[in-house]
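Visitor: Handing you a structure now.
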Protein chains: 2
Amino acid sequence: MSTEPLFSRTRQGSVGSLGEGALIARIRRWLGEASPVSPKGIGDDCAVLAPARGRELLTVDPVIAGIHFDRRVSAGQVGGKLFKRNLSDIAAMGGRPRAAVVALALDSRVSLRWLAEFYRGLARESLRYRVPVVGGDVARLPGSFVATLALAGEAPGRVMTRKGARPGDWIYVTGLLGRSLQSGHHHRFAPRLAEGAWLARQAGVRAMMDLSDGLAKDLAELTPKGCEAALFAKMLPCRAGASTREALSDGEDYELVLAFRGGREKDSLERAWKRAFPRIPLTCVGRFVRRGDLPAGLLNLKEYRGYEHLR
Amino acid sequence: MSTEPLFSRTRQGSVGSLGEGALIARIRRWLGEASPVSPKGIGDDCAVLAPARGRELLTVDPVIAGIHFDRRVSAGQVGGKLFKRNLSDIAAMGGRPRAAVVALALDSRVSLRWLAEFYRGLARESLRYRVPVVGGDVARLPGSFVATLALAGEAPGRVMTRKGARPGDWIYVTGLLGRSLQSGHHHRFAPRLAEGAWLARQAGVRAMMDLSDGLAKDLAELTPKGCEAALFAKMLPCRAGASTREALSDGEDYELVLAFRGGREKDSLERAWKRAFPRIPLTCVGRFVRRGDLPAGLLNLKEYRGYEHLR
């Protein structure tokens with residue numbers, strides 16, 4: 001893991017030693033094959049993309065120094081995390097990512113070595129998921145570093161939204177929950193793109209989203225009106241060492257949570273999943289029930305909070 | 001003009017007094033009709049758009065406190081400027097804007113009244129240009145304010161790029177140049193969307209871009225290899241009170257500069273422009289000539305600099 005600091009102690013080592021033109025030339029070099037030639041890539045007023053297949057998806061998410069990363073995370077991991085946070089949003093809709101643009105706002109003392117690593121981290125994920133970085137912007141932000149990535153995607157088939165769950169639907173989550181920060185999962189995770197696209201093709205899946213602020217908080221978005229989520233604590237797929245509270249309240253799981261039509265198709269969904277994704281857990285953690293019908297002995301989600309952004 | 005300060009002196013008046021959910025609810029209210037219902041708008045992991053007509057355009061640009069605005073600019077003007085800066089990039093390609101997402105990174109002391117005005121300014125331009133705000137993100141940035149807007153567009157016809165000018169091509173600019181900051185043009189300007197789309201339909205227009213860093217700097221992007229720009233100082237359409245130096249070097253003109261096929265079609269372009277846009281100047285400011293062929297008495301662009309972002 002790198003310990004390259006965000007700010008350089010020397011002027012030569014910092015972004016401010018270059019002009020904008022020279023910095024953009026470096027960025028293109030750092031991105032390498034992840035950066036196509038303009039007008040399909042960096043270098044014109046906009047990037048030009050071929051028409052999408054089906055409906056289009058658009059999302060945006062930043063990484064901010066001191067909020068989304070600190071010194072324990074290398075610059076390359078920060079770049080990778082920025083890309084994957086946005087990929088996870090596309091995955092949540094069952095879509096396919098197409099192209100990214102990156103707006104940098106940074107202090108002129110930011111280290112060129114740190115920034116090179118950051119872009120190489122972006123480029124790694126760009127190449128892995130075949131999503132080119134097609135443009136961006138560079139601007140000065142005294143005292144800090146914010147990188148904002150906007151991602152365009154497409155949904156050739158069904159678009160999964162947060163709306164559509166009904167009373168009696170099963171609640172499933174992919175992967176493991178909790179202790180994302182402590183375990184390094186928050187930058188090491190793989191966005192559930194193939195899984196999300198597969199789930200969107202299963203007719204019984206009625207609603208889906210990704211988990212970024214903890215199941216206890218995010219699940220409210222999926223819960224049908226007049227319902228509540230009946231969750232069994234022992235069903236929760238906790239990450240190694242994670243308590244029930246951590247599995248419910250920790251942020252940055254970047255897993256999918258979905259509502260599946262109640263009834264007997266449950267077994268066939270689970271069997272088909274195991275064939276498609278043998279190494280990734282898909283866990284039924286509970287069910288949506290009408291308010292007041294909550295069986296005794298279940299988790300009371302009101303006792304748990306998710307990640308709160310602005311406090 | 002508002003004098004509402006960016007930071008609130010009281011906790012109740014600041015963003016930090018709300019949670020993320022409550023803030024997003026306010027943002028939707030401030031945006032009003034500019035914000036469609038999810039999944040076409042705010043409230044899901046991605047926004048979902050209908051398929052584009054033709055090729056797609058993607059661009060991103062921020063506004064940053066202390067860099068792109070200060071206390072002399074009202075919050076509503078900042079919001080409008082953010083939207084229009086991005087619209088200008090779509091105009092430069094001859095495209096049509098479709099939908100925007102806005103990522104906010106802000107200190108929890110940012111004033112709610114300031115932010116309300118900011119979003120109402122965004123909403124005004126959104127409604128004026130019929131480009132909905134379909135999503136975004138809110139995150140904490142200690143000590144500052146950065147709003148990053150990503151804009152998706154489409155190009156039903158020809159996409160204009162910066163490449164394509166040839167020796168002998170005329171150089172045209174729309175509108176007036178210089179003193180954008182002093183005159184308030186930097187937030188009052190109208191992005192040249194109709195003009196850009198019209199120019200893209202004229203076969204003789206070979207290359208186009210928008211002016212953000214001053215003609216002296218930006219024109220290098222349009223200049224064909226082995227050529228230089230022969231500009232006549234007295235041809236420059238200077239804004240009231242602007243010197244030649246200011247017309248060439250000041251940033252944020254947000255006008256279009258384009259290369260037009262040399263020859264006799266010049267007159268018919270100018271006549272057609274006057275019929276289409278009678279109130280907006282289109283000025284021939286010079287010509288691309290082979291290096292070494294620069295006639296005496298012309299401007300030497302090497303003596304002028306444009307806006308430099310990172311110094």
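Each chain in the structure tokens gets a letter, A, B and so on, in the order shown; residues start at 1 in every chain, and ligands are counted from 1 in the order they appear.
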Considering only C-alpha atoms, give me a table of residues in chain A that are at most 6 Å from chain B, with the closest atom pair and distance in Å for each, as a tab-separated table.
Guide:
```
residue	atom	partner	partner_atom	distance
A:Gly16	CA	B:Arg311	CA	5.5
A:Glu20	CA	B:His309	CA	5.8
A:Asp45	CA	B:Asp89	CA	5.1
A:Cys46	CA	B:Thr59	CA	4.8
A:Ala47	CA	B:Leu58	CA	5.2
A:Val48	CA	B:Leu57	CA	4.8
A:Leu49	CA	B:Glu56	CA	4.9
A:Ala50	CA	B:Arg55	CA	5.1
A:Pro51	CA	B:Arg55	CA	4.9
A:Arg55	CA	B:Pro51	CA	4.9
A:Glu56	CA	B:Leu49	CA	4.8
A:Leu57	CA	B:Val48	CA	4.8
A:Leu58	CA	B:Ala47	CA	5.2
A:Thr59	CA	B:Cys46	CA	4.8
A:Val60	CA	B:Gly136	CA	5.9
A:Asp89	CA	B:Asp45	CA	5.0
A:Gly136	CA	B:Val60	CA	5.9
A:Arg140	CA	B:Leu310	CA	5.9
A:His309	CA	B:Glu20	CA	5.8
A:Leu310	CA	B:Gly16	CA	5.8
A:Arg311	CA	B:Gly16	CA	5.5
```
Visitor: Considering only C-alpha atoms, return as a PyMOL selection string whatever protein or nucleic-acid residues lie within 12 Å of Arg128 (chain B), sequence-local ones (same chain, fewer than 6 positions apart) excluded.
Guide: chain B and resi 33-34+80+83-84+87+97+121-122+190-191+193
Visitor: Got a sec: who's within 8 Å of region 175-181 of chain A, counting only C-alpha atoms, leaving out chain neighbours fewer than 4 positions off, as a list in words?
Guide: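 My list of contacting residues is His185, His186, Gly214, Leu236, Pro237, Cys238, Arg239, Gly241, Ala242, Ser243, Glu246, Ala247, Leu248, Ser249, Asp250, Gly251, Glu252, Asp253, Glu255, Ile280, Pro281, Leu282 and Thr283 of chain A.
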Visitor: Excluding Gly32 (chain B) and any residue of its chain fewer than 3 positions from it, enumerate the residues within 10 Å of it, using only C-alpha atoms, and give them as a count of residues only.
Guide: 12
Visitor: Given the choices A:Glu228, A:His187, A:Ala240, A:Gly13, which gets closest to Gly79 (chain A) if the distance is worked out from only C-alpha atoms?
Guide: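 Using only C-alpha atoms, the shortest distance to Gly79 (chain A) belongs to A:His187.
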Visitor: Could you pull out the helix (DSSP H, G or I) residues of region 105-281 of chain A, going by DSSP on the backbone, and write them as a PyMOL selection string?
Guide: chain A and resi 112-128+180-183+185-188+193-201+215-222+233-235+244-249+265-276
